[in-house]
$ cat entry-v4.csv   # CSV, C-alpha atoms
chain,number,residue,atom,x,y,z
I,1,MET,CA,170.7,-67.6,88.9
I,2,GLU,CA,169.7,-66.8,85.4
I,3,ASP,CA,173.0,-65.0,84.8
I,4,MET,CA,174.8,-68.1,86.2
I,5,LEU,CA,172.9,-70.4,83.8
I,6,SER,CA,173.8,-68.1,81.0
I,7,ASN,CA,177.5,-68.1,81.9
I,8,ALA,CA,177.5,-71.9,82.2
I,9,THR,CA,175.7,-72.2,78.8
I,10,ASN,CA,178.2,-69.8,77.2
I,11,LEU,CA,181.2,-71.7,78.5
I,12,GLN,CA,179.7,-75.0,77.4
I,13,GLU,CA,179.2,-73.6,73.8
I,14,GLU,CA,182.8,-72.3,73.8
I,15,VAL,CA,184.3,-75.6,74.9
I,16,ASP,CA,182.2,-77.5,72.3
I,17,ALA,CA,183.4,-75.0,69.6
I,18,ALA,CA,187.0,-75.5,70.7
I,19,LEU,CA,186.7,-79.3,70.6
I,20,LYS,CA,185.3,-79.1,67.1
I,21,ARG,CA,188.2,-76.9,66.0
I,22,LEU,CA,190.7,-79.4,67.6
I,23,ARG,CA,189.0,-82.2,65.6
I,24,PHE,CA,188.6,-84.0,69.0
I,25,SER,CA,186.4,-86.7,67.5
I,26,ASP,CA,189.2,-87.7,65.2
I,27,LEU,CA,191.6,-87.8,68.1
I,28,LEU,CA,189.2,-90.1,70.0
I,29,SER,CA,188.9,-92.4,67.0
I,30,GLU,CA,192.7,-92.5,66.7
I,31,ARG,CA,193.1,-93.3,70.4
I,32,SER,CA,190.6,-96.1,70.1
I,33,GLN,CA,192.4,-97.6,67.2
I,34,LEU,CA,195.7,-97.4,69.2
I,35,ASP,CA,194.0,-99.0,72.2
I,36,ALA,CA,192.9,-101.9,70.0
I,37,GLU,CA,196.4,-102.3,68.7
I,38,MET,CA,198.0,-102.3,72.1
I,39,ALA,CA,195.5,-104.9,73.4
I,40,LYS,CA,196.7,-107.5,70.8
I,41,SER,CA,198.6,-110.4,72.2
I,42,ASP,CA,201.4,-110.0,69.7
I,43,PHE,CA,201.7,-106.2,70.2
I,44,TRP,CA,205.4,-106.4,71.3
I,45,SER,CA,206.5,-108.8,68.5
I,46,ASP,CA,207.7,-105.8,66.6
I,47,SER,CA,209.3,-103.7,69.2
I,48,ASP,CA,210.0,-100.7,67.0
I,49,LYS,CA,206.4,-100.5,65.8
I,50,ALA,CA,205.2,-101.0,69.4
I,51,GLN,CA,207.3,-98.2,70.8
I,52,GLU,CA,206.1,-95.9,68.0
I,53,ILE,CA,202.4,-96.7,68.8
I,54,SER,CA,203.0,-96.4,72.6
I,55,LYS,CA,204.7,-93.0,72.1
I,56,ARG,CA,201.8,-91.7,70.0
I,57,HIS,CA,199.2,-93.1,72.5
I,58,ALA,CA,200.9,-91.4,75.4
I,59,SER,CA,201.0,-88.1,73.4
I,60,LEU,CA,197.3,-88.4,72.7
I,61,ILE,CA,196.5,-89.1,76.4
I,62,ARG,CA,198.6,-86.2,77.5
I,63,ARG,CA,196.9,-83.9,75.0
I,64,MET,CA,193.3,-85.1,75.4
I,65,GLN,CA,192.9,-85.7,79.1
I,66,PRO,CA,192.8,-82.1,80.3
I,67,TRP,CA,190.1,-81.4,77.7
I,68,GLU,CA,188.0,-84.4,78.7
I,69,GLU,CA,188.2,-83.4,82.4
I,70,LEU,CA,187.2,-79.9,81.5
I,71,THR,CA,184.3,-81.1,79.3
I,72,ASN,CA,182.9,-83.3,82.2
I,73,GLU,CA,183.3,-80.5,84.7
I,74,VAL,CA,181.5,-77.9,82.5
I,75,HIS,CA,178.7,-80.4,81.8
I,76,ASP,CA,178.2,-81.0,85.6
I,77,LEU,CA,178.3,-77.2,86.3
I,78,LEU,CA,175.6,-76.6,83.6
I,79,GLU,CA,173.4,-79.2,85.1
I,80,LEU,CA,173.8,-77.7,88.6
I,81,ALA,CA,173.0,-74.2,87.2
I,82,LYS,CA,169.8,-75.5,85.7
I,83,LEU,CA,168.6,-76.5,89.2
I,84,GLN,CA,168.3,-72.8,90.1
I,85,ASP,CA,169.3,-73.6,93.7
I,86,SER,CA,170.2,-70.4,95.5
I,87,GLU,CA,172.0,-72.3,98.3
I,88,ILE,CA,174.7,-73.4,95.9
I,89,LYS,CA,175.0,-70.1,94.1
I,90,ASP,CA,178.3,-68.9,95.8
I,91,ASP,CA,180.0,-72.3,95.4
I,92,LEU,CA,178.8,-72.6,91.8
I,93,THR,CA,180.0,-69.1,91.0
I,94,GLN,CA,183.5,-70.0,92.2
I,95,GLN,CA,183.6,-73.3,90.3
I,96,LEU,CA,182.6,-71.5,87.1
I,97,VAL,CA,185.4,-69.0,87.6
I,98,VAL,CA,187.9,-71.9,88.0
I,99,ALA,CA,186.5,-73.7,85.0
I,100,ARG,CA,186.8,-70.5,82.9
I,101,GLN,CA,190.4,-70.1,83.9
I,102,ALA,CA,191.2,-73.7,83.0
I,103,PHE,CA,189.6,-73.2,79.6
I,104,ASP,CA,191.5,-69.9,78.9
I,105,LYS,CA,194.7,-71.8,79.7
I,106,LEU,CA,193.8,-74.9,77.6
I,107,ARG,CA,192.6,-72.9,74.5
I,108,THR,CA,196.3,-72.1,73.8
I,109,ASP,CA,196.1,-75.5,72.0
I,110,LEU,CA,193.8,-73.8,69.4
I,111,LYS,CA,196.9,-72.1,68.0
I,112,TYR,CA,198.2,-75.5,66.9
I,113,THR,CA,195.5,-77.0,64.7
I,114,GLY,CA,197.5,-77.4,61.5
I,115,PRO,CA,197.7,-80.9,60.0
I,116,TYR,CA,201.2,-81.6,61.5
I,117,ASP,CA,201.3,-79.1,64.4
I,118,ASP,CA,201.2,-82.0,67.0
I,119,HIS,CA,204.1,-83.8,65.3
I,120,ASP,CA,207.7,-84.1,66.6
I,121,VAL,CA,210.4,-82.2,64.6
I,122,ILE,CA,213.4,-83.0,62.5
I,123,LEU,CA,215.6,-79.8,62.9
I,124,GLY,CA,218.4,-79.2,60.5
I,125,ILE,CA,220.9,-76.3,60.7
I,126,TYR,CA,223.3,-75.6,57.8
I,127,ALA,CA,226.1,-73.1,57.7
I,128,GLY,CA,225.8,-70.8,54.7
I,129,ALA,CA,227.7,-67.8,53.3
I,130,GLY,CA,230.4,-66.5,55.7
I,131,GLY,CA,233.0,-69.2,56.0
I,132,THR,CA,234.2,-70.0,59.5
I,133,ASP,CA,232.0,-67.3,60.9
I,134,ALA,CA,228.9,-69.0,59.4
I,135,GLN,CA,229.9,-72.3,60.8
I,136,ASP,CA,230.3,-70.8,64.3
I,137,TRP,CA,226.9,-69.1,63.8
I,138,ALA,CA,225.4,-72.5,62.9
I,139,GLN,CA,226.7,-73.8,66.2
I,140,MET,CA,225.3,-70.8,68.1
I,141,LEU,CA,221.9,-71.5,66.6
I,142,MET,CA,222.2,-75.2,67.7
I,143,ARG,CA,222.9,-74.1,71.2
I,144,MET,CA,220.0,-71.7,71.1
I,145,TYR,CA,217.5,-74.4,70.2
I,146,ILE,CA,219.0,-76.9,72.7
I,147,ARG,CA,218.5,-74.3,75.4
I,148,TRP,CA,214.9,-73.6,74.2
I,149,ALA,CA,214.2,-77.3,74.3
I,150,GLU,CA,215.5,-77.6,77.8
I,151,LYS,CA,213.4,-74.6,79.0
I,152,GLU,CA,210.3,-76.0,77.5
I,153,ASN,CA,210.9,-79.6,78.6
I,154,ILE,CA,211.3,-80.8,75.0
I,155,GLY,CA,213.4,-83.8,74.3
I,156,ILE,CA,216.2,-83.2,71.8
I,157,THR,CA,218.7,-85.7,70.3
I,158,VAL,CA,221.5,-85.0,67.9
I,159,VAL,CA,221.1,-87.4,64.9
I,160,GLU,CA,223.9,-86.2,62.7
I,161,GLU,CA,226.6,-83.6,63.0
I,162,SER,CA,229.4,-82.4,60.7
I,163,LEU,CA,232.0,-80.3,62.4
I,164,GLY,CA,233.8,-77.3,60.8
I,165,GLU,CA,237.5,-77.3,60.0
I,166,GLU,CA,238.4,-74.5,62.4
I,167,ALA,CA,235.3,-73.9,64.5
I,168,GLY,CA,231.6,-74.4,64.7
I,169,ILE,CA,229.6,-76.9,62.5
I,170,LYS,CA,228.9,-77.3,58.9
I,171,SER,CA,225.6,-78.9,59.6
I,172,VAL,CA,223.6,-80.7,62.3
I,173,THR,CA,220.4,-82.7,62.4
I,174,CYS,CA,218.4,-83.1,65.6
I,175,GLU,CA,215.1,-84.8,66.7
I,176,LEU,CA,212.9,-82.9,69.0
I,177,SER,CA,209.9,-84.5,70.8
I,178,GLY,CA,207.2,-83.0,72.9
I,179,ASP,CA,203.8,-81.4,72.7
I,180,PHE,CA,203.1,-79.4,69.5
I,181,VAL,CA,206.8,-79.1,68.7
I,182,TYR,CA,206.2,-78.6,65.0
I,183,GLY,CA,203.4,-76.1,65.6
I,184,ARG,CA,205.7,-74.1,67.8
I,185,LEU,CA,208.9,-74.3,65.7
I,186,LYS,CA,207.7,-74.2,62.1
I,187,GLY,CA,208.2,-70.4,62.1
I,188,GLU,CA,211.9,-70.9,62.6
I,189,HIS,CA,212.2,-72.5,59.1
I,190,GLY,CA,214.3,-70.2,56.9
I,191,VAL,CA,217.6,-68.3,56.8
I,192,HIS,CA,219.0,-66.6,59.9
I,193,ARG,CA,221.4,-63.7,59.5
I,194,LEU,CA,224.1,-62.7,62.1
I,195,VAL,CA,225.9,-59.3,62.1
I,196,ARG,CA,228.9,-59.0,64.5
I,197,LEU,CA,232.6,-58.2,65.0
I,198,SER,CA,234.2,-61.4,63.7
I,199,PRO,CA,236.4,-63.3,66.3
I,200,PHE,CA,238.0,-65.2,63.3
I,201,ASN,CA,239.9,-62.5,61.5
I,202,ALA,CA,242.9,-60.5,62.7
I,203,ASP,CA,241.4,-57.1,62.1
I,204,HIS,CA,238.2,-58.0,64.1
I,205,LEU,CA,236.1,-56.6,61.3
I,206,ARG,CA,232.3,-56.5,61.1
I,207,GLN,CA,231.1,-59.8,59.5
I,208,THR,CA,227.7,-60.9,58.2
I,209,SER,CA,227.0,-64.6,58.3
I,210,PHE,CA,224.1,-66.8,57.3
I,211,ALA,CA,222.8,-70.2,58.4
I,212,LYS,CA,219.7,-72.1,57.2
I,213,VAL,CA,217.3,-73.6,59.7
I,214,GLU,CA,215.1,-76.5,58.4
I,215,VAL,CA,212.1,-77.5,60.4
I,216,LEU,CA,210.4,-80.7,59.3
I,217,PRO,CA,207.4,-82.5,60.8
I,218,GLU,CA,208.7,-86.0,61.8
I,219,LEU,CA,206.8,-88.6,59.8
I,220,ASN,CA,207.2,-91.9,61.6
I,221,ARG,CA,204.3,-93.6,60.0
I,222,GLN,CA,204.8,-94.6,56.4
I,223,ASP,CA,201.1,-94.1,55.6
I,224,GLU,CA,201.5,-90.4,56.2
I,225,LEU,CA,203.6,-90.2,53.0
I,226,THR,CA,204.3,-93.1,50.6
I,227,ILE,CA,207.5,-93.2,48.6
I,228,ASP,CA,207.9,-95.5,45.6
I,229,GLU,CA,211.0,-97.6,46.2
I,230,LYS,CA,211.8,-97.3,42.5
I,231,ASP,CA,212.4,-93.6,43.1
I,232,LEU,CA,215.1,-94.2,45.7
I,233,ARG,CA,218.8,-94.7,45.3
I,234,ILE,CA,220.4,-96.2,48.5
I,235,ASP,CA,224.2,-96.2,48.9
I,236,VAL,CA,226.1,-97.8,51.7
I,237,TYR,CA,229.6,-96.6,52.6
I,238,ARG,CA,232.1,-96.6,55.5
I,239,SER,CA,231.4,-94.2,58.4
I,240,GLY,CA,233.9,-91.4,58.9
I,241,GLY,CA,234.7,-88.6,61.3
I,242,HIS,CA,233.9,-88.5,65.0
I,243,GLY,CA,232.1,-91.4,66.5
I,244,GLY,CA,232.3,-94.6,68.5
I,245,GLN,CA,234.5,-97.7,68.1
I,246,SER,CA,232.6,-98.9,65.1
I,247,VAL,CA,233.2,-95.8,63.1
I,248,ASN,CA,235.7,-96.4,60.2
I,249,THR,CA,235.4,-100.2,60.7
I,250,THR,CA,232.0,-101.1,59.2
I,251,ASP,CA,230.0,-100.1,56.2
I,252,SER,CA,227.2,-98.8,58.3
I,253,ALA,CA,226.7,-95.3,56.9
I,254,VAL,CA,223.7,-94.9,54.5
I,255,ARG,CA,222.9,-92.3,51.9
I,256,VAL,CA,219.3,-92.2,50.5
I,257,THR,CA,218.6,-90.1,47.4
I,258,HIS,CA,215.1,-89.4,46.2
I,259,VAL,CA,215.9,-89.4,42.4
I,260,PRO,CA,212.9,-87.2,41.2
I,261,THR,CA,213.7,-84.3,43.5
I,262,GLY,CA,217.4,-84.9,44.1
I,263,ILE,CA,216.9,-84.7,47.9
I,264,THR,CA,219.6,-86.6,49.7
I,265,VAL,CA,219.8,-87.8,53.3
I,266,ALA,CA,223.0,-89.3,54.7
I,267,ILE,CA,223.2,-90.9,58.2
I,268,GLN,CA,226.2,-92.5,59.8
I,269,ASN,CA,225.7,-92.0,63.6
I,270,GLU,CA,224.1,-95.4,64.4
I,271,ARG,CA,226.1,-98.6,64.7
I,272,SER,CA,223.5,-100.5,62.6
I,273,GLN,CA,223.2,-100.0,58.9
I,274,LEU,CA,219.5,-100.8,59.3
I,275,GLN,CA,219.0,-98.1,61.9
I,276,ASN,CA,220.7,-95.6,59.7
I,277,LYS,CA,218.5,-96.5,56.8
I,278,GLU,CA,215.3,-96.2,58.8
I,279,THR,CA,216.4,-92.8,60.2
I,280,ALA,CA,217.4,-91.6,56.7
I,281,LEU,CA,214.0,-92.7,55.3
I,282,MET,CA,212.1,-91.0,58.1
I,283,ILE,CA,214.0,-87.7,57.5
I,284,LEU,CA,213.5,-88.1,53.7
I,285,ARG,CA,209.7,-88.5,54.2
I,286,SER,CA,209.7,-85.4,56.3
I,287,LYS,CA,211.7,-83.4,53.7
I,288,LEU,CA,209.3,-84.5,51.0
I,289,MET,CA,206.3,-83.5,53.1
I,290,ARG,CA,207.8,-80.1,53.7
I,291,LEU,CA,208.4,-79.7,50.0
I,292,GLN,CA,204.8,-80.7,49.3
I,293,ILE,CA,203.6,-78.1,51.8
I,294,GLU,CA,205.8,-75.3,50.3
I,295,GLN,CA,204.9,-76.2,46.6
I,296,HIS,CA,201.2,-77.0,47.3
I,297,GLN,CA,201.5,-80.3,45.4
I,298,GLU,CA,199.8,-83.6,46.0
I,299,ARG,CA,202.0,-85.9,44.0
I,300,LEU,CA,205.7,-86.5,44.6
I,301,GLU,CA,206.6,-86.8,40.9
I,302,GLN,CA,205.5,-83.2,40.5
I,303,LEU,CA,207.9,-81.8,43.0
I,304,LYS,CA,211.2,-80.1,42.3
I,305,GLY,CA,214.0,-80.0,44.9
I,306,PRO,CA,214.4,-77.0,47.2
I,307,ASN,CA,216.7,-74.2,45.9
I,308,GLN,CA,216.8,-71.7,48.8
I,309,SER,CA,220.3,-70.7,49.7
I,310,ALA,CA,221.6,-69.4,53.0
I,311,GLU,CA,222.7,-66.0,51.9
I,312,TRP,CA,221.8,-62.3,51.6
I,313,GLY,CA,218.2,-61.5,50.7
I,314,SER,CA,216.5,-64.7,51.8
I,315,GLN,CA,216.7,-64.3,55.5
I,316,ILE,CA,213.7,-64.5,57.8
I,317,ARG,CA,215.4,-63.0,60.9
I,318,SER,CA,218.4,-60.8,61.7
I,319,TYR,CA,220.5,-61.0,64.8
I,320,VAL,CA,222.7,-57.9,65.2
I,321,LEU,CA,225.4,-57.8,67.8
I,322,HIS,CA,227.3,-54.7,66.4
I,323,PRO,CA,227.1,-51.7,66.2
I,324,TYR,CA,223.9,-52.1,68.2
I,325,LYS,CA,222.0,-55.1,69.6
I,326,GLN,CA,218.7,-56.3,68.1
I,327,VAL,CA,216.9,-59.4,66.9
I,328,LYS,CA,214.2,-58.7,64.4
I,329,ASP,CA,211.9,-61.1,62.5
I,330,LEU,CA,211.4,-59.7,59.0
I,331,ARG,CA,207.9,-61.4,58.6
I,332,THR,CA,206.2,-60.4,61.8
I,333,ARG,CA,208.3,-57.3,62.6
I,334,HIS,CA,208.6,-58.6,66.2
I,335,GLU,CA,211.9,-57.5,67.7
I,336,THR,CA,213.9,-57.2,70.9
I,337,SER,CA,217.2,-55.7,72.0
I,338,ASP,CA,217.9,-58.6,74.5
I,339,VAL,CA,220.0,-60.6,72.1
I,340,ASP,CA,221.6,-62.6,75.0
I,341,ALA,CA,218.2,-63.9,76.1
I,342,ILE,CA,217.3,-65.0,72.6
I,343,LEU,CA,220.5,-66.8,72.0
I,344,GLY,CA,220.0,-68.3,75.5
I,345,GLY,CA,216.8,-70.0,74.2
I,346,ASP,CA,214.1,-67.4,75.2
I,347,LEU,CA,212.2,-67.8,71.9
I,348,GLY,CA,208.7,-67.5,73.2
I,349,GLY,CA,208.0,-64.0,71.9
I,350,PHE,CA,209.1,-64.8,68.4
I,351,ILE,CA,207.2,-68.1,68.3
I,352,ASP,CA,204.0,-66.5,69.6
I,353,ALA,CA,204.4,-63.6,67.1
I,354,TYR,CA,204.7,-66.0,64.2
I,355,VAL,CA,201.8,-68.2,65.2
I,356,ASP,CA,199.5,-65.1,65.7
I,357,HIS,CA,200.8,-63.7,62.4
I,358,THR,CA,199.9,-66.8,60.5
I,359,LEU,CA,196.5,-67.1,62.1
I,360,GLY,CA,195.7,-63.5,61.1
I,361,ALA,CA,194.4,-62.7,64.6
I,362,ASP,CA,195.3,-63.2,68.2
I,363,MET,CA,193.8,-65.9,70.4
I,364,SER,CA,191.2,-63.5,71.7
I,365,SER,CA,189.1,-64.0,68.6
I,366,ALA,CA,189.4,-67.8,68.4
I,367,PRO,CA,187.0,-68.8,69.7
I,368,SER,CA,185.1,-65.6,70.3
I,369,ASP,CA,185.0,-64.3,73.9
I,370,ARG,CA,181.7,-63.7,75.5

$ encode --input "entry-v4.csv" --output "structure tokens"
Amino acid sequence: MEDMLSNATNLQEEVDAALKRLRFSDLLSERSQLDAEMAKSDFWSDSDKAQEISKRHASLIRRMQPWEELTNEVHDLLELAKLQDSEIKDDLTQQLVVARQAFDKLRTDLKYTGPYDDHDVILGIYAGAGGTDAQDWAQMLMRMYIRWAEKENIGITVVEESLGEEAGIKSVTCELSGDFVYGRLKGEHGVHRLVRLSPFNADHLRQTSFAKVEVLPELNRQDELTIDEKDLRIDVYRSGGHGGQSVNTTDSAVRVTHVPTGITVAIQNERSQLQNKETALMILRSKLMRLQIEQHQERLEQLKGPNQSAEWGSQIRSYVLHPYKQVKDLRTRHETSDVDAILGGDLGGFIDAYVDHTLGADMSSAPSDR
């Protein structure tokens, strides 16, 4: 029974350490604040704000409930172990094994303790050097992330899309929502390089194409990053291109420019000018936050606009279809020859390799095993 008490005590200590690393007390405080907001009689007077709060509340419940259940279970098992009752030894042993397995599964969350890892994502894909091949490559990447989202039960919505003249896309912006989406996808941020026999030239020559993938934490709350309205230039123009009946009939498209950095966001998909403006501002906040992260700055006026181009020498990952098949991440050195699986959305190996690479150690050392 002494060994059992020791095992229960060790598990309790590990769970407590995990909760501390997850800043669980902060999550409890945030959930209490949201509970208070949702209990107000006028909660639904602002439906957009109410939906935002409800979405965040549901996300917290989904994230926190398994940990709360495990905490209660481990506490009860520790109390039982203290009784030193030999009659319950076998049953208690089995319950401790089950609790340990549940903890081992849950502590995957410890990979995602960054300040924005639990946020949804604004995903942008931009064709770079390579002409029509690059535009086709950008569309291939879009399909790859859509398939990944479907496999992982992640919601994905296309916000803005610009089609290529011959094939593919010039750019696309998507929203992805689910558990730890930014924490899982942030390693995809950068330039992706494709080498293949081109289907777009008569000689079927080997072609190298580039596309830039931009992964931004979605900042719905204005208090997460405040923008001075004097720094914004907002232009309204007539929507163009593919769309519904309102396209080309109303001045609903909105372009928002952050003057100090030169960052511009243009949205025309929604019928409402107000909806387009709110979406553009949300994406702009996300872009500015990403810029702050990359430049390690605290004040927006100190930032300079991004200058990374999608071309040779700046890629994070290479996808080779000819003369051999290989996908290789140039940061983690993780690679595979199963290119079809990767383009089909099987990104788990690359995502895990990047997370472990940035942590500097695998999950076996956080928290320490006993």

$ residues_around --input "entry-v4.csv" --residues "I:Lys20" --least-positions-apart "4" --cutoff "12 Å" --atoms "only C-alpha atoms" --output "list of chain:residue names"
I:Glu13, I:Glu14, I:Val15, I:Asp16, I:Phe24, I:Ser25, I:Asp26, I:Leu27, I:Trp67, I:Leu110, I:Thr113, I:Pro367

$ residues_around --input "entry-v4.csv" --residues "I:Phe350" --least-positions-apart "2" --cutoff "9 Å" --atoms "all atoms listed in the file" --output "PyMOL selection string"
chain I and resi 187-188+328-329+332+334-335+346-348+352-355

$ residues_around --input "entry-v4.csv" --residues "I:Lys325" --least-positions-apart "2" --cutoff "6 Å" --atoms "all atoms listed in the file" --output "VMD selection string"
chain I and resid 320 to 321 337

$ closest_residue --input "entry-v4.csv" --among "I:Leu225, I:Leu28, I:Ala102, I:Ile263" --to "I:Glu69" --atoms "all atoms listed in the file"
I:Ala102

$ residues_around --input "entry-v4.csv" --residues "I:Ser318" --least-positions-apart "2" --cutoff "12 Å" --atoms "all atoms listed in the file" --output "ChimeraX atom specification"
/I:190-196,208-211,311-316,320-322,325-331,333-337,339,342

$ atom_distance --input "entry-v4.csv" --atom1 "atom CA of I:Asp42" --atom2 "atom CA of I:Lys55"
17.5 Å

$ closest_residue --input "entry-v4.csv" --among "I:Val121, I:Leu34, I:Ala138, I:Val236" --to "I:Val181" --atoms "all atoms listed in the file"
I:Val121

$ atom_distance --input "entry-v4.csv" --atom1 "atom CA of I:Arg206" --atom2 "atom CA of I:Tyr126"
21.4 Å

$ closest_residue --input "entry-v4.csv" --among "I:Lys82, I:His189, I:Phe180, I:Ile267" --to "I:Arg317" --atoms "only C-alpha atoms"
I:His189

$ residues_near_point --input "entry-v4.csv" --point "(210.4, -76.8, 64.5)" --cutoff "7 Å" --atoms "only C-alpha atoms" --output "ChimeraX atom specification"
/I:121,123,181-182,184-186,188,215-216

$ write_last_selection --input "entry-v4.csv" --atoms "C-alpha atoms" --output "PDB file, keeping the file's coordinate frame"
ATOM      1  CA  VAL I 121     210.400 -82.200  64.600  1.00  0.00           C
ATOM      2  CA  LEU I 123     215.600 -79.800  62.900  1.00  0.00           C
ATOM      3  CA  VAL I 181     206.800 -79.100  68.700  1.00  0.00           C
ATOM      4  CA  TYR I 182     206.200 -78.600  65.000  1.00  0.00           C
ATOM      5  CA  ARG I 184     205.700 -74.100  67.800  1.00  0.00           C
ATOM      6  CA  LEU I 185     208.900 -74.300  65.700  1.00  0.00           C
ATOM      7  CA  LYS I 186     207.700 -74.200  62.100  1.00  0.00           C
ATOM      8  CA  GLU I 188     211.900 -70.900  62.600  1.00  0.00           C
ATOM      9  CA  VAL I 215     212.100 -77.500  60.400  1.00  0.00           C
ATOM     10  CA  LEU I 216     210.400 -80.700  59.300  1.00  0.00           C
TER      11      LEU I 216
END

$ build_atoms --input "entry-v4.csv" --residues "stretch 272-290 of chain I" --atoms "N, CA and C atoms" --output "PDB file, in the coordinates of the input"
ATOM      1  N   SER I 272     224.214 -99.554  63.540  1.00  0.00           N
ATOM      2  CA  SER I 272     223.500-100.500  62.600  1.00  0.00           C
ATOM      3  C   SER I 272     223.206 -99.815  61.317  1.00  0.00           C
ATOM      4  N   GLN I 273     223.524-100.503  60.239  1.00  0.00           N
ATOM      5  CA  GLN I 273     223.200-100.000  58.900  1.00  0.00           C
ATOM      6  C   GLN I 273     221.658 -99.893  58.776  1.00  0.00           C
ATOM      7  N   LEU I 274     220.916-100.851  59.345  1.00  0.00           N
ATOM      8  CA  LEU I 274     219.500-100.800  59.300  1.00  0.00           C
ATOM      9  C   LEU I 274     218.899 -99.616  60.017  1.00  0.00           C
ATOM     10  N   GLN I 275     219.459 -99.304  61.192  1.00  0.00           N
ATOM     11  CA  GLN I 275     219.000 -98.100  61.900  1.00  0.00           C
ATOM     12  C   GLN I 275     219.255 -96.854  61.155  1.00  0.00           C
ATOM     13  N   ASN I 276     220.430 -96.762  60.531  1.00  0.00           N
ATOM     14  CA  ASN I 276     220.700 -95.600  59.700  1.00  0.00           C
ATOM     15  C   ASN I 276     219.803 -95.448  58.546  1.00  0.00           C
ATOM     16  N   LYS I 277     219.457 -96.566  57.919  1.00  0.00           N
ATOM     17  CA  LYS I 277     218.500 -96.500  56.800  1.00  0.00           C
ATOM     18  C   LYS I 277     217.164 -96.063  57.198  1.00  0.00           C
ATOM     19  N   GLU I 278     216.658 -96.609  58.316  1.00  0.00           N
ATOM     20  CA  GLU I 278     215.300 -96.200  58.800  1.00  0.00           C
ATOM     21  C   GLU I 278     215.298 -94.738  59.169  1.00  0.00           C
ATOM     22  N   THR I 279     216.356 -94.263  59.822  1.00  0.00           N
ATOM     23  CA  THR I 279     216.400 -92.800  60.200  1.00  0.00           C
ATOM     24  C   THR I 279     216.460 -91.969  58.948  1.00  0.00           C
ATOM     25  N   ALA I 280     217.260 -92.373  57.957  1.00  0.00           N
ATOM     26  CA  ALA I 280     217.400 -91.600  56.700  1.00  0.00           C
ATOM     27  C   ALA I 280     216.040 -91.549  55.977  1.00  0.00           C
ATOM     28  N   LEU I 281     215.322 -92.677  55.936  1.00  0.00           N
ATOM     29  CA  LEU I 281     214.000 -92.700  55.300  1.00  0.00           C
ATOM     30  C   LEU I 281     212.995 -91.840  55.975  1.00  0.00           C
ATOM     31  N   MET I 282     213.046 -91.857  57.310  1.00  0.00           N
ATOM     32  CA  MET I 282     212.100 -91.000  58.100  1.00  0.00           C
ATOM     33  C   MET I 282     212.376 -89.540  57.804  1.00  0.00           C
ATOM     34  N   ILE I 283     213.644 -89.141  57.776  1.00  0.00           N
ATOM     35  CA  ILE I 283     214.000 -87.700  57.500  1.00  0.00           C
ATOM     36  C   ILE I 283     213.623 -87.394  56.051  1.00  0.00           C
ATOM     37  N   LEU I 284     213.843 -88.335  55.125  1.00  0.00           N
ATOM     38  CA  LEU I 284     213.500 -88.100  53.700  1.00  0.00           C
ATOM     39  C   LEU I 284     211.984 -87.873  53.578  1.00  0.00           C
ATOM     40  N   ARG I 285     211.168 -88.693  54.244  1.00  0.00           N
ATOM     41  CA  ARG I 285     209.700 -88.500  54.200  1.00  0.00           C
ATOM     42  C   ARG I 285     209.357 -87.091  54.695  1.00  0.00           C
ATOM     43  N   SER I 286     210.011 -86.678  55.776  1.00  0.00           N
ATOM     44  CA  SER I 286     209.700 -85.400  56.300  1.00  0.00           C
ATOM     45  C   SER I 286     210.126 -84.244  55.375  1.00  0.00           C
ATOM     46  N   LYS I 287     211.267 -84.394  54.712  1.00  0.00           N
ATOM     47  CA  LYS I 287     211.700 -83.400  53.700  1.00  0.00           C
ATOM     48  C   LYS I 287     210.738 -83.307  52.557  1.00  0.00           C
ATOM     49  N   LEU I 288     210.269 -84.460  52.097  1.00  0.00           N
ATOM     50  CA  LEU I 288     209.300 -84.500  51.000  1.00  0.00           C
ATOM     51  C   LEU I 288     207.992 -83.865  51.367  1.00  0.00           C
ATOM     52  N   MET I 289     207.555 -84.130  52.602  1.00  0.00           N
ATOM     53  CA  MET I 289     206.300 -83.500  53.100  1.00  0.00           C
ATOM     54  C   MET I 289     206.435 -82.021  53.142  1.00  0.00           C
ATOM     55  N   ARG I 290     207.575 -81.550  53.657  1.00  0.00           N
ATOM     56  CA  ARG I 290     207.800 -80.100  53.700  1.00  0.00           C
ATOM     57  C   ARG I 290     207.769 -79.495  52.329  1.00  0.00           C
TER      58      ARG I 290
END
